[in-house]
$ cat model_11.txt   # compact mmCIF, C-alpha atoms
# COMPACT_ATOMS: atom_id res chain seq x y z
CA MET A 1 -12.21 24.78 -48.30
CA PRO A 2 -10.35 22.26 -50.49
CA SER A 3 -6.64 22.86 -50.74
CA SER A 4 -4.02 21.77 -53.24
CA ILE A 5 -1.31 21.98 -50.63
CA THR A 6 0.55 18.80 -49.69
CA LEU A 7 1.53 18.39 -46.06
CA ALA A 8 4.72 16.43 -45.44
CA VAL A 9 6.61 15.50 -42.27
CA SER A 10 10.42 15.20 -42.38
CA THR A 11 13.01 14.50 -39.69
CA VAL A 12 16.60 15.54 -39.10
CA ILE A 13 18.20 12.60 -37.27
CA PHE A 14 21.46 13.05 -35.37
CA ALA A 15 23.76 10.39 -33.95
CA LEU A 16 27.26 10.49 -32.56
CA ARG A 17 29.76 8.19 -34.26
CA PRO A 18 33.54 8.29 -34.66
CA HIS A 19 35.05 10.49 -37.35
CA PRO A 20 36.56 8.17 -40.00
CA GLU A 21 40.02 9.76 -39.62
CA THR A 22 40.35 11.33 -36.17
CA ARG A 23 38.14 8.66 -34.49
CA HIS A 24 36.75 11.48 -32.29
CA PRO A 25 32.96 11.28 -31.86
CA VAL A 26 31.20 13.64 -34.27
CA LEU A 27 27.66 14.19 -35.48
CA TRP A 28 26.28 12.14 -38.36
CA LEU A 29 22.88 12.12 -40.00
CA PRO A 30 21.13 9.74 -42.41
CA LEU A 31 19.86 10.96 -45.77
CA VAL A 32 17.69 9.37 -48.42
CA ARG A 33 18.43 9.58 -52.13
CA ARG A 34 15.44 10.81 -54.12
CA VAL A 35 14.32 8.30 -56.72
CA ARG A 36 11.65 10.57 -58.25
CA SER A 37 11.44 14.07 -59.70
CA PRO A 38 11.80 16.77 -58.60
CA HIS A 39 15.44 16.73 -57.47
CA LYS A 40 15.82 13.08 -58.55
CA GLY A 41 19.21 11.71 -57.48
CA LEU A 42 19.81 14.35 -54.77
CA TRP A 43 19.99 13.47 -51.09
CA ALA A 44 17.13 14.59 -48.85
CA LEU A 45 15.84 14.30 -45.30
CA PRO A 46 13.77 11.19 -44.54
CA GLY A 47 10.08 12.01 -44.69
CA GLY A 48 6.84 11.74 -46.57
CA PRO A 49 3.21 12.83 -46.71
CA LEU A 50 1.26 12.95 -43.45
CA GLY A 51 -1.27 10.12 -43.16
CA THR A 52 -4.86 11.34 -42.95
CA THR A 53 -5.41 9.77 -39.52
CA GLU A 54 -1.85 10.15 -38.29
CA ASP A 55 -0.43 12.41 -35.58
CA LEU A 56 2.51 14.61 -36.61
CA ALA A 57 5.03 13.06 -34.20
CA ALA A 58 3.80 9.57 -35.11
CA SER A 59 4.43 10.36 -38.75
CA ALA A 60 7.97 11.49 -37.91
CA ARG A 61 8.59 8.26 -35.97
CA ARG A 62 7.17 6.13 -38.77
CA ASN A 63 9.29 7.76 -41.49
CA LEU A 64 12.33 7.58 -39.27
CA HIS A 65 11.79 3.89 -38.64
CA GLU A 66 10.96 3.01 -42.23
CA THR A 67 14.08 4.74 -43.48
CA THR A 68 16.63 3.82 -40.84
CA HIS A 69 15.06 1.02 -38.73
CA LEU A 70 15.74 3.25 -35.72
CA THR A 71 13.66 4.50 -32.79
CA PRO A 72 14.53 7.99 -31.53
CA ARG A 73 15.71 8.65 -27.97
CA TYR A 74 14.58 12.25 -28.33
CA LEU A 75 12.11 13.75 -30.79
CA GLU A 76 11.01 17.37 -30.99
CA GLN A 77 9.17 19.51 -33.49
CA LEU A 78 11.66 21.86 -35.15
CA TYR A 79 9.66 24.18 -37.41
CA ALA A 80 7.10 24.28 -40.21
CA PHE A 81 8.54 25.33 -43.57
CA GLY A 82 6.05 26.75 -46.04
CA ARG A 83 7.56 29.17 -48.54
CA PRO A 84 5.56 28.84 -51.77
CA ASP A 85 8.78 28.53 -53.81
CA ARG A 86 10.46 25.86 -51.68
CA SER A 87 9.38 23.06 -54.01
CA GLU A 88 7.91 22.72 -57.47
CA ASP A 89 4.68 21.31 -56.15
CA ARG A 90 3.17 23.19 -53.19
CA THR A 91 4.41 21.34 -50.12
CA VAL A 92 4.46 22.52 -46.52
CA SER A 93 6.91 20.46 -44.43
CA ILE A 94 6.58 20.11 -40.69
CA VAL A 95 10.08 19.12 -39.61
CA TYR A 96 11.09 17.21 -36.48
CA TRP A 97 14.58 16.61 -35.17
CA ALA A 98 15.64 13.43 -33.43
CA LEU A 99 18.56 12.02 -31.50
CA VAL A 100 19.49 8.36 -31.68
CA ARG A 101 22.09 6.39 -29.75
CA PRO A 102 25.37 5.43 -31.38
CA ASP A 103 25.15 1.71 -30.63
CA VAL A 104 21.70 1.70 -32.18
CA ALA A 105 22.77 3.94 -35.02
CA SER A 106 25.61 1.58 -35.85
CA GLU A 107 22.99 -1.04 -36.60
CA GLY A 108 21.16 1.42 -38.85
CA VAL A 109 20.73 -0.04 -42.29
CA GLU A 110 22.70 1.55 -45.10
CA THR A 111 21.48 0.81 -48.60
CA GLU A 112 22.12 2.32 -52.00
CA ASN A 113 19.55 5.03 -51.26
CA VAL A 114 20.01 5.48 -47.50
CA ARG A 115 23.39 6.64 -46.24
CA TRP A 116 24.87 8.31 -43.14
CA PHE A 117 26.86 11.51 -43.68
CA LEU A 118 29.10 13.66 -41.50
CA ALA A 119 26.93 16.60 -40.38
CA ASP A 120 29.65 19.11 -41.26
CA SER A 121 30.32 17.82 -44.79
CA LEU A 122 26.99 17.13 -46.42
CA PRO A 123 26.45 16.87 -50.17
CA GLU A 124 24.08 19.24 -51.98
CA LEU A 125 20.59 18.51 -50.63
CA ALA A 126 17.19 18.63 -52.34
CA PHE A 127 14.79 21.56 -51.81
CA ASP A 128 15.64 23.77 -48.78
CA HIS A 129 16.92 20.79 -46.78
CA SER A 130 20.42 22.27 -46.34
CA GLN A 131 18.93 25.25 -44.53
CA ILE A 132 16.73 22.95 -42.47
CA VAL A 133 19.75 20.90 -41.34
CA GLU A 134 21.61 24.10 -40.43
CA TYR A 135 18.69 25.27 -38.33
CA ALA A 136 18.43 21.86 -36.63
CA LEU A 137 22.15 22.04 -35.76
CA TRP A 138 21.60 25.52 -34.31
CA ARG A 139 18.69 24.25 -32.22
CA LEU A 140 20.71 21.25 -31.01
CA ARG A 141 23.62 23.49 -29.95
CA ASN A 142 21.24 25.79 -28.10
CA LYS A 143 19.66 22.87 -26.28
CA MET A 144 22.91 21.28 -25.15
CA GLU A 145 22.55 23.03 -21.81
CA TYR A 146 19.92 20.45 -20.99
CA SER A 147 22.10 17.46 -20.39
CA ARG A 148 19.26 15.06 -21.17
CA ILE A 149 19.72 16.17 -24.75
CA ALA A 150 23.34 15.11 -24.51
CA THR A 151 22.53 11.85 -22.78
CA ALA A 152 20.09 10.97 -25.57
CA LEU A 153 23.19 10.63 -27.74
CA LEU A 154 24.83 8.28 -25.22
CA GLY A 155 23.89 4.93 -23.67
CA GLU A 156 22.09 4.47 -20.34
CA THR A 157 25.32 5.06 -18.43
CA PHE A 158 28.39 7.04 -19.41
CA THR A 159 31.52 8.58 -17.98
CA LEU A 160 31.95 12.33 -17.62
CA SER A 161 34.53 12.09 -20.41
CA ASP A 162 31.89 10.55 -22.69
CA LEU A 163 29.53 13.40 -21.81
CA ARG A 164 32.22 16.01 -22.43
CA GLU A 165 32.99 14.45 -25.82
CA VAL A 166 29.32 14.79 -26.80
CA HIS A 167 29.41 18.47 -25.92
CA GLU A 168 32.70 18.92 -27.77
CA ALA A 169 31.31 17.17 -30.86
CA VAL A 170 28.14 19.25 -30.93
CA LEU A 171 29.69 22.58 -30.00
CA GLU A 172 32.80 21.91 -32.14
CA ARG A 173 35.27 23.14 -29.54
CA ARG A 174 37.42 21.65 -26.80
CA LEU A 175 36.22 22.02 -23.19
CA ASP A 176 38.37 22.05 -20.06
CA PRO A 177 37.74 18.70 -18.29
CA ALA A 178 37.86 20.14 -14.74
CA ASN A 179 35.53 23.05 -15.52
CA PHE A 180 33.18 20.74 -17.36
CA ARG A 181 33.02 18.35 -14.41
CA ARG A 182 32.24 21.20 -12.00
CA GLN A 183 29.49 22.59 -14.23
CA VAL A 184 27.83 19.23 -14.78
CA GLU A 185 27.96 18.30 -11.11
CA SER A 186 26.43 21.64 -10.10
CA THR A 187 23.33 21.13 -12.30
CA GLY A 188 22.29 17.82 -10.76
CA GLU A 189 21.19 16.72 -14.22
CA VAL A 190 23.35 13.63 -14.17
CA VAL A 191 23.84 11.42 -11.12
CA PRO A 192 26.70 9.05 -10.30
CA THR A 193 26.08 5.29 -10.26
CA ASP A 194 28.08 2.72 -8.25
CA GLU A 195 29.65 1.36 -11.40
CA PHE A 196 32.99 2.06 -13.04
CA ARG A 197 34.38 1.55 -16.49
CA THR A 198 37.72 -0.21 -16.40
CA GLY A 199 40.28 -1.18 -19.01
CA GLY A 200 42.62 0.72 -21.26
CA ARG A 201 45.53 2.79 -20.01
CA HIS A 202 43.36 4.92 -17.73
CA ARG A 203 42.28 4.40 -14.15
CA PRO A 204 38.65 3.25 -13.65
CA ALA A 205 36.11 5.98 -14.50
CA ARG A 206 32.83 6.31 -12.65
CA LEU A 207 29.68 5.79 -14.70
CA TYR A 208 26.82 8.30 -14.52
CA ARG A 209 23.22 8.26 -15.70
CA HIS A 210 20.87 11.14 -16.34
CA ASN A 211 18.59 12.30 -13.56
CA HIS A 212 15.13 11.05 -14.52
CA SER A 213 13.48 13.42 -12.07
CA ILE A 214 14.47 16.45 -14.17
CA GLU A 215 12.14 17.08 -17.08
CA LEU A 216 13.29 18.38 -20.42
CA ALA A 217 12.06 21.86 -21.18
CA ASP A 218 9.89 22.61 -24.18
CA ASN A 219 9.10 19.33 -25.80
CA GLY A 220 5.92 20.79 -27.18
CA PRO A 221 2.74 21.86 -25.46
CA LEU A 222 0.89 18.58 -25.29
CA THR A 223 2.84 16.06 -23.28
CA GLY A 224 3.10 12.68 -24.91
CA ARG A 225 1.31 13.77 -28.02
CA MET B 1 -0.21 12.14 -53.39
CA PRO B 2 -3.56 13.89 -52.87
CA SER B 3 -4.47 14.57 -49.28
CA SER B 4 -7.75 15.31 -47.55
CA ILE B 5 -5.97 17.24 -44.80
CA THR B 6 -6.76 20.95 -44.46
CA LEU B 7 -3.90 23.22 -43.50
CA ALA B 8 -4.84 26.28 -41.43
CA VAL B 9 -2.81 29.10 -39.92
CA SER B 10 -3.96 30.69 -36.63
CA THR B 11 -2.46 33.35 -34.41
CA VAL B 12 -2.44 34.06 -30.69
CA ILE B 13 -2.27 37.88 -30.41
CA PHE B 14 -1.22 39.52 -27.15
CA ALA B 15 -1.49 43.17 -26.13
CA LEU B 16 -1.06 44.95 -22.84
CA ARG B 17 -4.06 47.02 -21.72
CA PRO B 18 -5.33 48.13 -18.29
CA HIS B 19 -7.31 45.70 -16.20
CA PRO B 20 -10.92 47.00 -16.04
CA GLU B 21 -10.85 47.12 -12.21
CA THR B 22 -7.25 47.44 -11.00
CA ARG B 23 -6.15 49.58 -14.00
CA HIS B 24 -2.80 47.72 -13.87
CA PRO B 25 -1.58 46.68 -17.33
CA VAL B 26 -2.44 43.05 -18.06
CA LEU B 27 -2.44 40.77 -21.09
CA TRP B 28 -5.43 40.71 -23.42
CA LEU B 29 -6.06 38.79 -26.60
CA PRO B 30 -8.65 39.06 -29.38
CA LEU B 31 -10.90 36.13 -30.24
CA VAL B 32 -13.32 35.49 -33.07
CA ARG B 33 -16.77 33.98 -32.59
CA ARG B 34 -17.37 31.02 -34.88
CA VAL B 35 -20.36 31.55 -37.17
CA ARG B 36 -20.22 28.07 -38.69
CA SER B 37 -20.20 24.46 -37.49
CA PRO B 38 -18.31 22.84 -35.90
CA HIS B 39 -18.21 24.69 -32.57
CA LYS B 40 -20.61 27.38 -33.90
CA GLY B 41 -20.98 30.20 -31.35
CA LEU B 42 -17.76 29.40 -29.48
CA TRP B 43 -14.80 31.80 -29.44
CA ALA B 44 -11.67 30.81 -31.35
CA LEU B 45 -8.26 32.12 -32.37
CA PRO B 46 -8.20 34.26 -35.52
CA GLY B 47 -7.11 32.20 -38.50
CA GLY B 48 -8.08 30.41 -41.65
CA PRO B 49 -6.91 28.14 -44.45
CA LEU B 50 -3.46 28.75 -45.92
CA GLY B 51 -3.60 30.29 -49.39
CA THR B 52 -2.10 28.07 -52.07
CA THR B 53 0.56 30.66 -52.99
CA GLU B 54 0.91 32.18 -49.53
CA ASP B 55 3.81 32.02 -47.09
CA LEU B 56 2.96 30.80 -43.56
CA ALA B 57 3.93 34.04 -41.79
CA ALA B 58 2.16 36.08 -44.49
CA SER B 59 -0.98 34.07 -43.86
CA ALA B 60 -0.71 34.79 -40.12
CA ARG B 61 -0.29 38.52 -40.82
CA ARG B 62 -3.23 38.54 -43.22
CA ASN B 63 -5.61 36.78 -40.82
CA LEU B 64 -4.43 39.02 -38.00
CA HIS B 65 -5.08 42.13 -40.05
CA GLU B 66 -8.42 41.00 -41.44
CA THR B 67 -9.69 40.15 -37.98
CA THR B 68 -8.30 42.97 -35.88
CA HIS B 69 -7.03 45.63 -38.34
CA LEU B 70 -3.68 45.33 -36.56
CA THR B 71 -0.09 44.84 -37.67
CA PRO B 72 2.11 42.84 -35.28
CA ARG B 73 5.25 44.27 -33.68
CA TYR B 74 6.52 40.75 -33.16
CA LEU B 75 5.48 37.55 -34.90
CA GLU B 76 6.89 34.09 -34.33
CA GLN B 77 5.89 30.57 -35.23
CA LEU B 78 4.64 28.79 -32.10
CA TYR B 79 3.95 25.18 -33.04
CA ALA B 80 2.11 22.95 -35.51
CA PHE B 81 -0.87 21.14 -34.00
CA GLY B 82 -1.96 17.98 -35.80
CA ARG B 83 -3.70 15.47 -33.57
CA PRO B 84 -6.22 13.61 -35.74
CA ASP B 85 -8.98 14.14 -33.13
CA ARG B 86 -8.47 17.90 -32.63
CA SER B 87 -11.29 18.80 -35.00
CA GLU B 88 -14.18 17.03 -36.72
CA ASP B 89 -12.68 17.58 -40.13
CA ARG B 90 -8.97 16.77 -40.44
CA THR B 91 -7.17 20.09 -39.92
CA VAL B 92 -3.53 20.69 -39.10
CA SER B 93 -3.02 24.18 -37.66
CA ILE B 94 0.30 25.98 -37.81
CA VAL B 95 0.03 28.54 -35.03
CA TYR B 96 1.89 31.85 -34.73
CA TRP B 97 1.99 34.18 -31.75
CA ALA B 98 2.12 37.94 -32.07
CA LEU B 99 2.61 41.00 -29.91
CA VAL B 100 0.87 44.28 -30.67
CA ARG B 101 1.23 47.69 -29.04
CA PRO B 102 -1.42 48.94 -26.64
CA ASP B 103 -2.03 52.26 -28.39
CA VAL B 104 -2.57 50.34 -31.59
CA ALA B 105 -4.59 47.65 -29.86
CA SER B 106 -6.88 50.27 -28.38
CA GLU B 107 -7.84 51.18 -31.91
CA GLY B 108 -8.51 47.51 -32.69
CA VAL B 109 -12.02 47.06 -33.96
CA GLU B 110 -14.45 45.20 -31.73
CA THR B 111 -17.56 43.85 -33.42
CA GLU B 112 -20.22 41.37 -32.42
CA ASN B 113 -17.94 38.51 -33.50
CA VAL B 114 -14.50 39.93 -32.61
CA ARG B 115 -13.80 40.77 -28.99
CA TRP B 116 -10.77 41.29 -26.70
CA PHE B 117 -10.59 39.12 -23.57
CA LEU B 118 -8.39 39.11 -20.46
CA ALA B 119 -5.80 36.39 -21.04
CA ASP B 120 -6.34 34.93 -17.58
CA SER B 121 -10.14 34.70 -17.80
CA LEU B 122 -11.04 33.36 -21.21
CA PRO B 123 -14.34 31.74 -22.10
CA GLU B 124 -14.52 28.14 -23.33
CA LEU B 125 -12.71 28.07 -26.65
CA ALA B 126 -13.34 25.99 -29.78
CA PHE B 127 -11.21 22.94 -30.63
CA ASP B 128 -7.90 22.74 -28.69
CA HIS B 129 -7.51 26.52 -28.68
CA SER B 130 -7.44 26.78 -24.86
CA GLN B 131 -4.36 24.55 -24.78
CA ILE B 132 -2.80 26.55 -27.59
CA VAL B 133 -3.27 29.83 -25.69
CA GLU B 134 -1.78 28.27 -22.56
CA TYR B 135 1.27 27.17 -24.53
CA ALA B 136 1.62 30.62 -26.12
CA LEU B 137 1.56 32.21 -22.65
CA TRP B 138 4.24 29.78 -21.52
CA ARG B 139 6.39 30.68 -24.52
CA LEU B 140 5.88 34.40 -23.93
CA ARG B 141 6.92 34.08 -20.27
CA ASN B 142 10.02 32.14 -21.27
CA LYS B 143 10.97 34.76 -23.83
CA MET B 144 10.60 37.77 -21.54
CA GLU B 145 14.33 37.65 -20.86
CA TYR B 146 14.78 39.18 -24.28
CA SER B 147 13.69 42.70 -23.60
CA ARG B 148 12.81 43.30 -27.23
CA ILE B 149 9.88 40.98 -26.62
CA ALA B 150 8.81 43.27 -23.80
CA THR B 151 9.39 46.42 -25.83
CA ALA B 152 7.16 45.04 -28.60
CA LEU B 153 4.32 45.49 -26.13
CA LEU B 154 5.33 49.13 -25.50
CA GLY B 155 5.75 52.23 -27.67
CA GLU B 156 9.01 53.39 -29.26
CA THR B 157 10.14 54.92 -25.98
CA PHE B 158 9.20 53.96 -22.43
CA THR B 159 10.30 54.45 -18.85
CA LEU B 160 11.88 51.68 -16.82
CA SER B 161 8.64 51.62 -14.80
CA ASP B 162 6.70 50.92 -18.01
CA LEU B 163 9.10 48.10 -18.81
CA ARG B 164 8.84 46.67 -15.31
CA GLU B 165 5.03 46.76 -15.54
CA VAL B 166 5.18 44.71 -18.75
CA HIS B 167 7.30 42.10 -17.02
CA GLU B 168 4.98 42.12 -14.01
CA ALA B 169 1.91 41.71 -16.22
CA VAL B 170 3.38 38.82 -18.16
CA LEU B 171 5.05 37.05 -15.25
CA GLU B 172 2.12 37.81 -12.93
CA ARG B 173 4.29 38.82 -9.97
CA ARG B 174 5.69 42.02 -8.51
CA LEU B 175 9.36 42.84 -9.17
CA ASP B 176 11.64 44.95 -7.01
CA PRO B 177 12.18 48.26 -8.90
CA ALA B 178 15.85 48.66 -7.92
CA ASN B 179 16.79 45.08 -8.80
CA PHE B 180 14.87 45.30 -12.04
CA ARG B 181 16.70 48.50 -13.01
CA ARG B 182 20.10 46.93 -12.29
CA GLN B 183 19.27 43.81 -14.33
CA VAL B 184 17.97 45.75 -17.32
CA GLU B 185 20.89 48.14 -17.35
CA SER B 186 23.40 45.28 -17.20
CA THR B 187 22.01 43.61 -20.35
CA GLY B 188 22.42 46.63 -22.62
CA GLU B 189 19.19 45.62 -24.33
CA VAL B 190 17.57 48.98 -23.73
CA VAL B 191 19.38 52.30 -24.03
CA PRO B 192 18.56 55.66 -22.43
CA THR B 193 17.37 58.55 -24.60
CA ASP B 194 17.76 62.27 -23.78
CA GLU B 195 14.02 62.60 -23.19
CA PHE B 196 12.00 62.51 -20.00
CA ARG B 197 8.35 61.94 -19.22
CA THR B 198 6.98 64.64 -16.96
CA GLY B 199 3.65 65.24 -15.28
CA GLY B 200 1.75 63.57 -12.51
CA ARG B 201 2.91 63.46 -8.94
CA HIS B 202 6.25 61.89 -9.80
CA ARG B 203 9.56 63.46 -10.72
CA PRO B 204 10.49 63.33 -14.44
CA ALA B 205 11.34 59.79 -15.59
CA ARG B 206 13.93 59.12 -18.28
CA LEU B 207 12.69 57.52 -21.49
CA TYR B 208 14.46 54.49 -22.95
CA ARG B 209 14.28 52.69 -26.29
CA HIS B 210 15.33 49.18 -27.21
CA ASN B 211 18.81 48.61 -28.54
CA HIS B 212 18.35 47.97 -32.25
CA SER B 213 21.83 46.49 -32.52
CA ILE B 214 20.80 43.45 -30.47
CA GLU B 215 18.99 40.80 -32.46
CA LEU B 216 16.20 38.69 -31.11
CA ALA B 217 17.07 35.05 -30.72
CA ASP B 218 15.20 32.34 -32.59
CA ASN B 219 12.72 34.04 -34.83
CA GLY B 220 12.81 31.06 -37.14
CA PRO B 221 15.55 29.76 -39.36
CA LEU B 222 15.02 31.86 -42.45
CA THR B 223 15.40 35.52 -41.68
CA GLY B 224 12.68 37.69 -43.09
CA ARG B 225 10.70 34.81 -44.43
$ encode --input "model_11.txt" --output "C-alpha cells"
Amino acid sequence: MPSSITLAVSTVIFALRPHPETRHPVLWLPLVRRVRSPHKGLWALPGGPLGTTEDLAASARRNLHETTHLTPRYLEQLYAFGRPDRSEDRTVSIVYWALVRPDVASEGVETENVRWFLADSLPELAFDHSQIVEYALWRLRNKMEYSRIATALLGETFTLSDLREVHEAVLERRLDPANFRRQVESTGEVVPTDEFRTGGRHRPARLYRHNHSIELADNGPLTGR
Amino acid sequence: MPSSITLAVSTVIFALRPHPETRHPVLWLPLVRRVRSPHKGLWALPGGPLGTTEDLAASARRNLHETTHLTPRYLEQLYAFGRPDRSEDRTVSIVYWALVRPDVASEGVETENVRWFLADSLPELAFDHSQIVEYALWRLRNKMEYSRIATALLGETFTLSDLREVHEAVLERRLDPANFRRQVESTGEVVPTDEFRTGGRHRPARLYRHNHSIELADNGPLTGR
C-alpha cells in the first residue's frame, strides 16, 4: 500500500561541558537552525529522512556526524513520534538519544546554523522537539543508575569526583561525596586503575574506568543493529 | 522528499490463560496467518500500514481490535524495527505490546487465520517477528515490578494468589507465597477491598484491586497520546 507518510530519524545529543558562569559541568545539546519552511528560522533536533536502504541507528549516526562531526559514545532508540498534527506535512520521527564526550564535543563544529545550547535553557524549538528533549532528559536521568551511561559522558578514565559531577549535572542536585563513593564501589560498575591525577590544590586522586564486563541494559533487542 | 519506505504498526498481545495440560495460567498471544506473499502461510503479529491521518497508538488499537475483537488493558510502544533486510519490500515496523484480560481474551475470536498460541511454543513466524516477540517478553518480565502491569492481566479484583500466579507465569518460576505477600504489601501498589472469594477447598481469600493513585512509569512521553 503506498503511503504519503515521511519517515524521519532525529537525535537528541547530550554532552557535558562547563556552565559559562559557574564553570560546573552541565548538560549541553546541539541544535540545527531550520533553513526551510515549515518553522523556518527555529532551532530543531539534528535529523532527516531515512535512507531507503539505511538502518535506523545508522541514519541517526549519519545525521549526528553530518551535523556535528561527532561520533556517539552511546546511542539508543528513544521513541517514535507520530501524532498526525505534529507537523504540517505528515512525518513520523523515530528519535534516538546519544551521549558524546566533552573533549570530543569541544571540537564539535559550531556554524551559523549549528549551535550548542544549555539543556536547561533552550530556545523555542520547531515542531514537538521541546517535548522530545524533555522526554530524552527524563530517560537519561532514569538511566543514570547504569554507570556506563555516566562514563559515556566522561573520558576513558576519570576520578570519582568527575563521576559524581556527571551525576550532579544530570540529576541537578548535590550528592554527598562519601555516600556516592560507597554506592559506586558497591556496584562494581567502575574499577580502579593504577593511575592518579595530580596537580592543583588537591592530593592525587585515583583514576577509574568503567567495568567492560558489565553490559548495559536495554540497548534495543537486536545487539549491534 | 518522497520515500519508498512503508511504515507499519504491529502489536504483540499477551493474555494469561490456562495451560492445556497443567491448567496453570501461562502467557498466550494471538497470531495472524499471512494470506499474501511474502511469507504467505506463515504466522505473524497482527498489524498493518499506518493510516495517513492516524496516530501510532490508535493504529495499534485498531489493528488489535480488527484482528482479535479485543481492547487492551495496557498498551505501550515497544520499539521501531527498521533493518533494510527485515522484509522483501522496505518496511519499518513500529511495534507496540499490549496486555488483555483473560476473561476478555477467552471471548477473542479464533478463525482459520487468527489463532492463540502458547508464548513459549510458537511456530516459525514471518519476517523478524520471532525476535520481536522475544524482546516483548523480555520487556514484560522487566516491567513486572510495576504491579499495575500484572493487574492488567487480571480482572478488577483478584486475590494475592491470583497476582502471584501472574508473576509466576510471566517470570516462569515459583515464588514463595509468604515472601510474595510481604513484598506486594510493602509497595502499596495493590490495596485490599472488603470482599472475599469463597468456595472450593480453601478458606475465603481477600480480594485486592490495584492502587489507582500510583501511576505506571514510562508509558511514553506524551500522556494520553
$ closest_residue --input "model_11.txt" --among "A:Thr71, A:Asn211, A:Arg33, A:Glu189" --to "A:Glu110" --atoms "only C-alpha atoms"
A:Arg33
$ interface_residues --input "model_11.txt" --of "chain B" --to "chain A" --cutoff "9 Å" --atoms "only C-alpha atoms" --output "PyMOL selection string"
chain B and resi 1-7+49-57+77-85+90+92+94+131-132+134-136+138-139+218+220-222+225
$ write_last_selection --input "model_11.txt" --atoms "C-alpha atoms" --output "PDB file, in the coordinates of the input"
ATOM      1  CA  MET B   1      -0.210  12.140 -53.390  1.00  0.00           C
ATOM      2  CA  PRO B   2      -3.560  13.890 -52.870  1.00  0.00           C
ATOM      3  CA  SER B   3      -4.470  14.570 -49.280  1.00  0.00           C
ATOM      4  CA  SER B   4      -7.750  15.310 -47.550  1.00  0.00           C
ATOM      5  CA  ILE B   5      -5.970  17.240 -44.800  1.00  0.00           C
ATOM      6  CA  THR B   6      -6.760  20.950 -44.460  1.00  0.00           C
ATOM      7  CA  LEU B   7      -3.900  23.220 -43.500  1.00  0.00           C
ATOM      8  CA  PRO B  49      -6.910  28.140 -44.450  1.00  0.00           C
ATOM      9  CA  LEU B  50      -3.460  28.750 -45.920  1.00  0.00           C
ATOM     10  CA  GLY B  51      -3.600  30.290 -49.390  1.00  0.00           C
ATOM     11  CA  THR B  52      -2.100  28.070 -52.070  1.00  0.00           C
ATOM     12  CA  THR B  53       0.560  30.660 -52.990  1.00  0.00           C
ATOM     13  CA  GLU B  54       0.910  32.180 -49.530  1.00  0.00           C
ATOM     14  CA  ASP B  55       3.810  32.020 -47.090  1.00  0.00           C
ATOM     15  CA  LEU B  56       2.960  30.800 -43.560  1.00  0.00           C
ATOM     16  CA  ALA B  57       3.930  34.040 -41.790  1.00  0.00           C
ATOM     17  CA  GLN B  77       5.890  30.570 -35.230  1.00  0.00           C
ATOM     18  CA  LEU B  78       4.640  28.790 -32.100  1.00  0.00           C
ATOM     19  CA  TYR B  79       3.950  25.180 -33.040  1.00  0.00           C
ATOM     20  CA  ALA B  80       2.110  22.950 -35.510  1.00  0.00           C
ATOM     21  CA  PHE B  81      -0.870  21.140 -34.000  1.00  0.00           C
ATOM     22  CA  GLY B  82      -1.960  17.980 -35.800  1.00  0.00           C
ATOM     23  CA  ARG B  83      -3.700  15.470 -33.570  1.00  0.00           C
ATOM     24  CA  PRO B  84      -6.220  13.610 -35.740  1.00  0.00           C
ATOM     25  CA  ASP B  85      -8.980  14.140 -33.130  1.00  0.00           C
ATOM     26  CA  ARG B  90      -8.970  16.770 -40.440  1.00  0.00           C
ATOM     27  CA  VAL B  92      -3.530  20.690 -39.100  1.00  0.00           C
ATOM     28  CA  ILE B  94       0.300  25.980 -37.810  1.00  0.00           C
ATOM     29  CA  GLN B 131      -4.360  24.550 -24.780  1.00  0.00           C
ATOM     30  CA  ILE B 132      -2.800  26.550 -27.590  1.00  0.00           C
ATOM     31  CA  GLU B 134      -1.780  28.270 -22.560  1.00  0.00           C
ATOM     32  CA  TYR B 135       1.270  27.170 -24.530  1.00  0.00           C
ATOM     33  CA  ALA B 136       1.620  30.620 -26.120  1.00  0.00           C
ATOM     34  CA  TRP B 138       4.240  29.780 -21.520  1.00  0.00           C
ATOM     35  CA  ARG B 139       6.390  30.680 -24.520  1.00  0.00           C
ATOM     36  CA  ASP B 218      15.200  32.340 -32.590  1.00  0.00           C
ATOM     37  CA  GLY B 220      12.810  31.060 -37.140  1.00  0.00           C
ATOM     38  CA  PRO B 221      15.550  29.760 -39.360  1.00  0.00           C
ATOM     39  CA  LEU B 222      15.020  31.860 -42.450  1.00  0.00           C
ATOM     40  CA  ARG B 225      10.700  34.810 -44.430  1.00  0.00           C
TER      41      ARG B 225
END
$ atom_distance --input "model_11.txt" --atom1 "atom CA of B:Leu75" --atom2 "atom CA of B:Ile13"
9.0 Å
$ residues_around --input "model_11.txt" --residues "A:Ala15" --least-positions-apart "2" --cutoff "8 Å" --atoms "all atoms listed in the file" --output "list in words"
Ile13, Arg17, Leu27, Trp28, Leu29, Leu99, Val100, Arg101, Pro102, Ala105 and Leu153 of chain A
$ write_last_selection --input "model_11.txt" --atoms "C-alpha atoms" --output "mmCIF file, in the coordinates of the input"
data_model
loop_
_atom_site.group_PDB
_atom_site.id
_atom_site.type_symbol
_atom_site.label_atom_id
_atom_site.label_comp_id
_atom_site.auth_asym_id
_atom_site.auth_seq_id
_atom_site.Cartn_x
_atom_site.Cartn_y
_atom_site.Cartn_z
ATOM 1 C CA ILE A 13 18.200 12.600 -37.270
ATOM 2 C CA ARG A 17 29.760 8.190 -34.260
ATOM 3 C CA LEU A 27 27.660 14.190 -35.480
ATOM 4 C CA TRP A 28 26.280 12.140 -38.360
ATOM 5 C CA LEU A 29 22.880 12.120 -40.000
ATOM 6 C CA LEU A 99 18.560 12.020 -31.500
ATOM 7 C CA VAL A 100 19.490 8.360 -31.680
ATOM 8 C CA ARG A 101 22.090 6.390 -29.750
ATOM 9 C CA PRO A 102 25.370 5.430 -31.380
ATOM 10 C CA ALA A 105 22.770 3.940 -35.020
ATOM 11 C CA LEU A 153 23.190 10.630 -27.740
#
$ closest_residue --input "model_11.txt" --among "B:Gly41, B:Tyr74, B:Pro204, B:Arg173" --to "B:Ala150" --atoms "all atoms listed in the file"
B:Tyr74
